[in-house]
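Below is input-v1.pdb, holding PDB, C-alpha atoms, pLDDT in the B column.
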ATOM      1  CA  MET A   1      -4.745  -1.217   1.465  1.00 50.00           C
ATOM      2  CA  THR A   2      -2.134   1.381   0.651  1.00 53.00           C
ATOM      3  CA  LYS A   3      -2.981   4.868  -0.475  1.00 53.00           C
ATOM      4  CA  VAL A   4      -0.659   7.549  -1.725  1.00 52.00           C
ATOM      5  CA  ARG A   5      -2.156  10.955  -2.260  1.00 50.00           C
ATOM      6  CA  SER A   6      -0.228  13.724  -3.945  1.00 46.00           C
ATOM      7  CA  VAL A   7      -0.837  17.178  -2.520  1.00 44.00           C
ATOM      8  CA  ARG A   8       1.670  19.599  -4.108  1.00 43.00           C
ATOM      9  CA  ARG A   9       4.648  19.927  -6.428  1.00 44.00           C
ATOM     10  CA  ARG A  10       8.128  21.267  -5.728  1.00 44.00           C
ATOM     11  CA  THR A  11       9.337  23.967  -8.056  1.00 43.00           C
ATOM     12  CA  ALA A  12      12.941  22.759  -8.421  1.00 48.00           C
ATOM     13  CA  ALA A  13      13.984  20.427 -11.222  1.00 47.00           C
ATOM     14  CA  THR A  14      13.059  16.896 -10.317  1.00 43.00           C
ATOM     15  CA  PRO A  15      15.583  14.066 -10.607  1.00 44.00           C
ATOM     16  CA  PRO A  16      14.738  10.764 -12.252  1.00 52.00           C
ATOM     17  CA  LEU A  17      14.332   7.655 -10.139  1.00 57.00           C
ATOM     18  CA  ILE A  18      17.742   6.020  -9.884  1.00 58.00           C
ATOM     19  CA  ASP A  19      18.327   2.312 -10.538  1.00 79.00           C
ATOM     20  CA  PRO A  20      20.643   1.729  -7.548  1.00 86.00           C
ATOM     21  CA  ILE A  21      17.573   1.731  -5.294  1.00 91.00           C
ATOM     22  CA  ASP A  22      16.340  -1.375  -7.131  1.00 88.00           C
ATOM     23  CA  ALA A  23      19.826  -2.906  -6.977  1.00 89.00           C
ATOM     24  CA  TRP A  24      19.957  -2.294  -3.224  1.00 93.00           C
ATOM     25  CA  PHE A  25      16.590  -4.001  -2.743  1.00 94.00           C
ATOM     26  CA  THR A  26      17.734  -6.932  -4.886  1.00 93.00           C
ATOM     27  CA  SER A  27      20.981  -7.260  -2.906  1.00 94.00           C
ATOM     28  CA  ARG A  28      18.861  -7.728   0.217  1.00 95.00           C
ATOM     29  CA  GLY A  29      16.579 -10.285  -1.424  1.00 95.00           C
ATOM     30  CA  TRP A  30      13.681  -7.822  -1.496  1.00 94.00           C
ATOM     31  CA  THR A  31      11.337  -6.623  -4.208  1.00 93.00           C
ATOM     32  CA  PRO A  32       9.861  -3.123  -3.881  1.00 93.00           C
ATOM     33  CA  PHE A  33       6.106  -2.973  -3.496  1.00 93.00           C
ATOM     34  CA  ALA A  34       4.139  -1.084  -6.144  1.00 91.00           C
ATOM     35  CA  PHE A  35       3.198   1.609  -3.627  1.00 94.00           C
ATOM     36  CA  GLN A  36       6.884   2.171  -2.775  1.00 94.00           C
ATOM     37  CA  ARG A  37       7.715   2.751  -6.432  1.00 91.00           C
ATOM     38  CA  GLU A  38       4.702   5.051  -6.697  1.00 92.00           C
ATOM     39  CA  VAL A  39       5.985   7.110  -3.763  1.00 93.00           C
ATOM     40  CA  TRP A  40       9.547   7.316  -5.178  1.00 91.00           C
ATOM     41  CA  GLU A  41       8.208   8.413  -8.560  1.00 89.00           C
ATOM     42  CA  ALA A  42       5.902  10.996  -6.953  1.00 91.00           C
ATOM     43  CA  TYR A  43       8.828  12.369  -4.951  1.00 90.00           C
ATOM     44  CA  ALA A  44      10.983  12.546  -8.108  1.00 88.00           C
ATOM     45  CA  ARG A  45       8.205  14.567  -9.773  1.00 89.00           C
ATOM     46  CA  GLY A  46       8.297  16.992  -6.858  1.00 90.00           C
ATOM     47  CA  GLU A  47       5.090  15.895  -5.228  1.00 91.00           C
ATOM     48  CA  SER A  48       4.443  15.427  -1.542  1.00 88.00           C
ATOM     49  CA  GLY A  49       1.727  13.352   0.017  1.00 90.00           C
ATOM     50  CA  LEU A  50       0.526  10.930   2.636  1.00 92.00           C
ATOM     51  CA  ILE A  51       1.398   7.239   2.809  1.00 93.00           C
ATOM     52  CA  HIS A  52      -1.207   5.082   4.491  1.00 92.00           C
ATOM     53  CA  ALA A  53      -0.308   1.399   4.833  1.00 90.00           C
ATOM     54  CA  ALA A  54      -0.373  -1.343   7.447  1.00 90.00           C
ATOM     55  CA  THR A  55       2.484  -1.790   9.904  1.00 88.00           C
ATOM     56  CA  GLY A  56       5.455  -3.670   8.474  1.00 90.00           C
ATOM     57  CA  THR A  57       4.635  -3.064   4.805  1.00 93.00           C
ATOM     58  CA  GLY A  58       7.543  -0.791   3.916  1.00 95.00           C
ATOM     59  CA  LYS A  59       6.363   2.756   4.609  1.00 95.00           C
ATOM     60  CA  THR A  60       9.745   3.811   6.009  1.00 96.00           C
ATOM     61  CA  TYR A  61      11.642   2.981   2.831  1.00 97.00           C
ATOM     62  CA  ALA A  62       8.781   4.265   0.685  1.00 96.00           C
ATOM     63  CA  ALA A  63       9.241   7.700   2.273  1.00 96.00           C
ATOM     64  CA  TRP A  64      13.004   7.606   2.855  1.00 97.00           C
ATOM     65  CA  LEU A  65      14.335   6.395  -0.476  1.00 96.00           C
ATOM     66  CA  GLY A  66      12.954   9.378  -2.405  1.00 93.00           C
ATOM     67  CA  PRO A  67      15.412  11.757  -0.708  1.00 94.00           C
ATOM     68  CA  VAL A  68      18.142   9.093  -0.999  1.00 95.00           C
ATOM     69  CA  ALA A  69      17.505   8.776  -4.753  1.00 92.00           C
ATOM     70  CA  GLU A  70      17.594  12.569  -5.030  1.00 91.00           C
ATOM     71  CA  ALA A  71      21.003  12.661  -3.306  1.00 91.00           C
ATOM     72  CA  LEU A  72      22.302   9.878  -5.565  1.00 91.00           C
ATOM     73  CA  HIS A  73      21.110  11.846  -8.596  1.00 88.00           C
ATOM     74  CA  GLU A  74      22.837  14.999  -7.316  1.00 87.00           C
ATOM     75  CA  ALA A  75      26.074  13.044  -6.786  1.00 86.00           C
ATOM     76  CA  ALA A  76      25.829  11.536 -10.269  1.00 84.00           C
ATOM     77  CA  THR A  77      25.197  14.949 -11.792  1.00 84.00           C
ATOM     78  CA  ALA A  78      28.146  16.473  -9.916  1.00 84.00           C
ATOM     79  CA  THR A  79      30.577  13.715 -10.911  1.00 79.00           C
ATOM     80  CA  GLY A  80      29.146  12.917 -14.324  1.00 72.00           C
ATOM     81  CA  SER A  81      28.721   9.231 -13.505  1.00 60.00           C
ATOM     82  CA  MET A  82      26.692   6.983 -11.268  1.00 51.00           C
ATOM     83  CA  THR A  83      28.319   4.184  -9.349  1.00 50.00           C
ATOM     84  CA  SER A  84      26.027   1.643  -7.761  1.00 44.00           C
ATOM     85  CA  PHE A  85      27.089   0.598  -4.285  1.00 42.00           C
ATOM     86  CA  THR A  86      25.134  -2.406  -3.083  1.00 40.00           C
ATOM     87  CA  ASN A  87      26.985  -2.950   0.160  1.00 40.00           C
ATOM     88  CA  THR A  88      29.467  -1.179   2.372  1.00 38.00           C
ATOM     89  CA  ALA A  89      32.343  -3.378   1.183  1.00 35.00           C
ATOM     90  CA  GLU A  90      31.988  -1.885  -2.313  1.00 42.00           C
ATOM     91  CA  ARG A  91      32.167   1.730  -1.194  1.00 40.00           C
ATOM     92  CA  PRO A  92      35.268   3.658  -2.216  1.00 38.00           C
ATOM     93  CA  ALA A  93      37.819   4.394   0.489  1.00 36.00           C
ATOM     94  CA  ARG A  94      37.787   7.968   1.748  1.00 37.00           C
ATOM     95  CA  ALA A  95      40.802  10.018   2.715  1.00 34.00           C
ATOM     96  CA  LYS A  96      41.628   9.908   6.393  1.00 34.00           C
ATOM     97  CA  PRO A  97      40.357  12.963   8.245  1.00 35.00           C
ATOM     98  CA  ALA A  98      42.751  15.358   9.956  1.00 36.00           C
ATOM     99  CA  GLN A  99      40.479  15.531  13.002  1.00 39.00           C
ATOM    100  CA  SER A 100      38.545  12.880  14.883  1.00 41.00           C
ATOM    101  CA  PRO A 101      36.521  10.651  12.518  1.00 49.00           C
ATOM    102  CA  ARG A 102      33.162  11.579  14.058  1.00 54.00           C
ATOM    103  CA  ALA A 103      33.841  15.324  13.977  1.00 57.00           C
ATOM    104  CA  SER A 104      35.089  15.055  10.406  1.00 57.00           C
ATOM    105  CA  ILE A 105      31.999  13.131   9.287  1.00 65.00           C
ATOM    106  CA  ARG A 106      29.691  15.631  11.005  1.00 65.00           C
ATOM    107  CA  ASN A 107      31.440  18.612   9.401  1.00 72.00           C
ATOM    108  CA  ALA A 108      31.614  17.037   5.933  1.00 74.00           C
ATOM    109  CA  ALA A 109      28.015  15.816   5.916  1.00 81.00           C
ATOM    110  CA  ASP A 110      25.251  17.626   4.093  1.00 84.00           C
ATOM    111  CA  LYS A 111      23.224  20.080   6.164  1.00 89.00           C
ATOM    112  CA  LEU A 112      19.801  19.090   7.481  1.00 94.00           C
ATOM    113  CA  ARG A 113      17.772  17.884   4.476  1.00 95.00           C
ATOM    114  CA  VAL A 114      15.218  15.537   5.985  1.00 95.00           C
ATOM    115  CA  LEU A 115      13.153  15.986   9.114  1.00 96.00           C
ATOM    116  CA  TRP A 116      11.503  12.730  10.219  1.00 96.00           C
ATOM    117  CA  ILE A 117       8.856  13.237  12.882  1.00 95.00           C
ATOM    118  CA  THR A 118       7.899  10.158  14.858  1.00 93.00           C
ATOM    119  CA  PRO A 119       5.050  10.240  17.379  1.00 91.00           C
ATOM    120  CA  LEU A 120       6.898   8.100  19.929  1.00 89.00           C
ATOM    121  CA  ARG A 121      10.482   8.425  21.081  1.00 87.00           C
ATOM    122  CA  ALA A 122      10.557   4.636  21.418  1.00 88.00           C
ATOM    123  CA  LEU A 123      10.357   4.435  17.603  1.00 91.00           C
ATOM    124  CA  ALA A 124      13.183   6.910  17.009  1.00 94.00           C
ATOM    125  CA  ALA A 125      16.090   4.479  17.526  1.00 93.00           C
ATOM    126  CA  ASP A 126      14.590   1.823  15.228  1.00 94.00           C
ATOM    127  CA  THR A 127      13.809   4.435  12.594  1.00 96.00           C
ATOM    128  CA  GLU A 128      17.331   5.855  12.805  1.00 96.00           C
ATOM    129  CA  ARG A 129      18.830   2.373  12.250  1.00 96.00           C
ATOM    130  CA  ALA A 130      16.563   1.734   9.253  1.00 96.00           C
ATOM    131  CA  LEU A 131      17.431   5.084   7.673  1.00 97.00           C
ATOM    132  CA  LEU A 132      21.159   4.510   8.123  1.00 97.00           C
ATOM    133  CA  GLU A 133      21.198   1.220   6.189  1.00 96.00           C
ATOM    134  CA  PRO A 134      20.838   2.682   2.671  1.00 97.00           C
ATOM    135  CA  VAL A 135      22.935   5.731   3.593  1.00 96.00           C
ATOM    136  CA  HIS A 136      25.845   3.434   4.442  1.00 95.00           C
ATOM    137  CA  ALA A 137      25.183   1.099   1.510  1.00 95.00           C
ATOM    138  CA  PHE A 138      25.332   3.968  -0.994  1.00 94.00           C
ATOM    139  CA  GLY A 139      28.184   5.764   0.747  1.00 93.00           C
ATOM    140  CA  LEU A 140      26.235   9.001   1.022  1.00 92.00           C
ATOM    141  CA  PRO A 141      27.970  11.788   2.941  1.00 90.00           C
ATOM    142  CA  TRP A 142      25.016  12.003   5.315  1.00 94.00           C
ATOM    143  CA  THR A 143      24.583  11.779   9.046  1.00 94.00           C
ATOM    144  CA  VAL A 144      21.379  10.417  10.569  1.00 97.00           C
ATOM    145  CA  GLU A 145      20.609  11.057  14.231  1.00 96.00           C
ATOM    146  CA  SER A 146      17.664  11.217  16.544  1.00 96.00           C
ATOM    147  CA  ARG A 147      16.704  13.918  19.001  1.00 96.00           C
ATOM    148  CA  THR A 148      14.186  13.037  21.671  1.00 94.00           C
ATOM    149  CA  GLY A 149      13.868  13.443  25.398  1.00 91.00           C
ATOM    150  CA  ASP A 150      16.263  10.478  25.689  1.00 92.00           C
ATOM    151  CA  THR A 151      19.084  12.045  23.637  1.00 94.00           C
ATOM    152  CA  LYS A 152      22.317  12.407  25.594  1.00 95.00           C
ATOM    153  CA  ALA A 153      23.364  15.947  26.491  1.00 95.00           C
ATOM    154  CA  SER A 154      26.652  15.571  24.583  1.00 95.00           C
ATOM    155  CA  LEU A 155      24.816  14.765  21.342  1.00 95.00           C
ATOM    156  CA  ARG A 156      22.300  17.561  21.907  1.00 93.00           C
ATOM    157  CA  GLN A 157      25.254  19.951  22.269  1.00 93.00           C
ATOM    158  CA  LYS A 158      26.722  18.761  18.958  1.00 93.00           C
ATOM    159  CA  GLN A 159      23.308  19.178  17.353  1.00 93.00           C
ATOM    160  CA  ARG A 160      23.137  22.759  18.661  1.00 90.00           C
ATOM    161  CA  ASP A 161      26.239  23.473  16.599  1.00 88.00           C
ATOM    162  CA  ARG A 162      25.196  21.439  13.544  1.00 91.00           C
ATOM    163  CA  LEU A 163      22.178  19.254  12.922  1.00 94.00           C
ATOM    164  CA  PRO A 164      22.597  15.953  11.063  1.00 95.00           C
ATOM    165  CA  THR A 165      21.562  15.532   7.433  1.00 96.00           C
ATOM    166  CA  ALA A 166      18.478  13.632   8.591  1.00 97.00           C
ATOM    167  CA  LEU A 167      16.976  14.204  12.004  1.00 97.00           C
ATOM    168  CA  VAL A 168      14.500  11.771  13.562  1.00 97.00           C
ATOM    169  CA  THR A 169      12.595  13.612  16.262  1.00 97.00           C
ATOM    170  CA  THR A 170       9.376  13.848  18.216  1.00 96.00           C
ATOM    171  CA  PRO A 171       6.871  16.715  18.087  1.00 96.00           C
ATOM    172  CA  GLU A 172       8.034  17.862  21.528  1.00 95.00           C
ATOM    173  CA  SER A 173      11.700  18.011  20.548  1.00 95.00           C
ATOM    174  CA  LEU A 174      10.819  19.690  17.250  1.00 96.00           C
ATOM    175  CA  THR A 175       8.969  22.377  19.201  1.00 96.00           C
ATOM    176  CA  LEU A 176      12.157  23.142  21.134  1.00 94.00           C
ATOM    177  CA  LEU A 177      14.136  23.427  17.882  1.00 95.00           C
ATOM    178  CA  LEU A 178      11.516  25.763  16.431  1.00 96.00           C
ATOM    179  CA  CYS A 179      11.909  28.033  19.470  1.00 96.00           C
ATOM    180  CA  ARG A 180      15.588  28.644  18.697  1.00 94.00           C
ATOM    181  CA  PRO A 181      16.376  32.126  17.364  1.00 95.00           C
ATOM    182  CA  ASP A 182      18.164  30.536  14.374  1.00 94.00           C
ATOM    183  CA  HIS A 183      15.320  28.146  13.471  1.00 94.00           C
ATOM    184  CA  ALA A 184      14.902  29.597   9.964  1.00 94.00           C
ATOM    185  CA  GLU A 185      18.569  28.903   9.208  1.00 92.00           C
ATOM    186  CA  LEU A 186      18.382  25.424  10.787  1.00 91.00           C
ATOM    187  CA  PHE A 187      15.571  24.357   8.477  1.00 93.00           C
ATOM    188  CA  SER A 188      16.547  26.331   5.358  1.00 93.00           C
ATOM    189  CA  ASN A 189      17.870  23.257   3.496  1.00 90.00           C
ATOM    190  CA  LEU A 190      14.890  20.939   4.089  1.00 89.00           C
TER     191      LEU A 190
END
Can the structure in the file be given as structure tokens, please?
Amino acid sequence: MTKVRSVRRRTAATPPLIDPIDAWFTSRGWTPFAFQREVWEAYARGESGLIHAATGTGKTYAAWLGPVAEALHEAATATGSMTSFTNTAERPARAKPAQSPRASIRNAADKLRVLWITPLRALAADTERALLEPVHAFGLPWTVESRTGDTKASLRQKQRDRLPTALVTTPESLTLLLCRPDHAELFSNL
């Protein structure tokens, strides 16, 4: 049994649910569950809530695709049109960066928008991979990374300078981020 309970509304204008989410599901041979659509629609209305469903029933994409749809809506509003990208081969080519590709992507990506807290660091890598799939498919200018006790020092250093657009982390690692003097700035775009 799946339950979605709305607990509050955002004050900003809420974007409509965007059709490319359905097209992406179709391209993978999937059909969204009713509870996933309910979550996406609740998110688009500015609501937040709790998703309670059995393991393997699609909770990750129920929660994740609301922010993805919001970003697609923002891109469509900024450009005046919406292009549906159903796989990475259909994405438009981007100009070559002047600096290293990874540094360029990190600097061009949106600031931290989504904070994904997982109870176990063992789940972080799988969650990160799942979140990256639609980001790549839609060509969003987002970075998705994890930060746990297992994160390499070099990546932690990069994250000190700039967090990814979506950060998958554990409660312990989040506590360390909240202890930073600049924590209000770090989380200002969530």
- [ ] Extract, using only C-alpha atoms, all DNA, RNA and protein residues at most 7 Å from region 184-188 of chain A, discarding same-chain residues fewer than 2 positions from it, and format them as number ranges by chain.
- [x] A: 112, 182, 190
TODO: Considering all atoms listed in the file, return as an NGL selection string whatever protein or nucleic-acid residues lie within 10 Å of Ala125 (chain A), sequence-local ones (same chain, fewer than 3 positions apart) excluded.
DONE: :A and (121-122 or 128-131 or 145-148 or 168-169)
Please report as a Markdown table every residue of region 107-175 of chain A lying within 10 Å of region 22-32 of chain A, along with the nearest atom pair and their distance in Å (one decimal), using only C-alpha atoms.
| residue | atom | partner | partner_atom | distance |
| --- | --- | --- | --- | --- |
| A:Pro134 | CA | A:Trp24 | CA | 7.8 |
| A:Ala137 | CA | A:Trp24 | CA | 7.8 |
| A:Phe138 | CA | A:Trp24 | CA | 8.5 |
Open item on the list: Could you tell me how far CA of Glu133 (chain A) sits from CA of Leu163 (chain A), in Å to one decimal place?
Closed with: 19.3 Å
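What separates CA of Val135 (chain A) from CA of Phe33 (chain A) is a distance of 20.2 Å.
Interatomic distance, CA of Ala166 (chain A) to CA of Thr77 (chain A): 21.5 Å.
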TODO: Kindly provide, as a PyMOL selection string, the polymer residues lying within 12 Å of (25.7, 9.3, 2.5), counting only C-alpha atoms and using the coordinates exactly as they appear in the file.
DONE: chain A and resi 67-72+74-75+85+88+91+105-106+108-111+113+131-144+164-166
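When only C-alpha atoms are used to compute distances to Leu115 (chain A), the closest of the residues A:Trp64, A:Ala42, A:Thr57, A:Arg37 turns out to be A:Trp64.
Remark: for Ala34 (chain A), the closest of the candidate residues A:Ala54, A:Leu174, A:Ala62, A:Leu155 is A:Ala62 (distances computed over all atoms listed in the file).
Distance annotation: of A:Asp126, A:Ala153, A:Ile117, A:Ile51, the residue with the minimal separation from Thr175 (chain A) is A:Ile117; atom set is only C-alpha atoms.
Nearest to Asn107 (chain A) of all the residues A:Glu41, A:Arg162, A:Ala76, A:Ala53 is A:Arg162, counting all atoms listed in the file.
Nearest to Leu50 (chain A) of all the residues A:Ala63, A:Leu178, A:Ile21, A:Leu120 is A:Ala63, based on only C-alpha atoms.
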Open item on the list: Between A:Trp116, A:Gly149, A:Arg45, A:Asn189, which residue has the minimum interatomic distance to Leu167 (chain A), considering only C-alpha atoms?
Closed with: A:Trp116
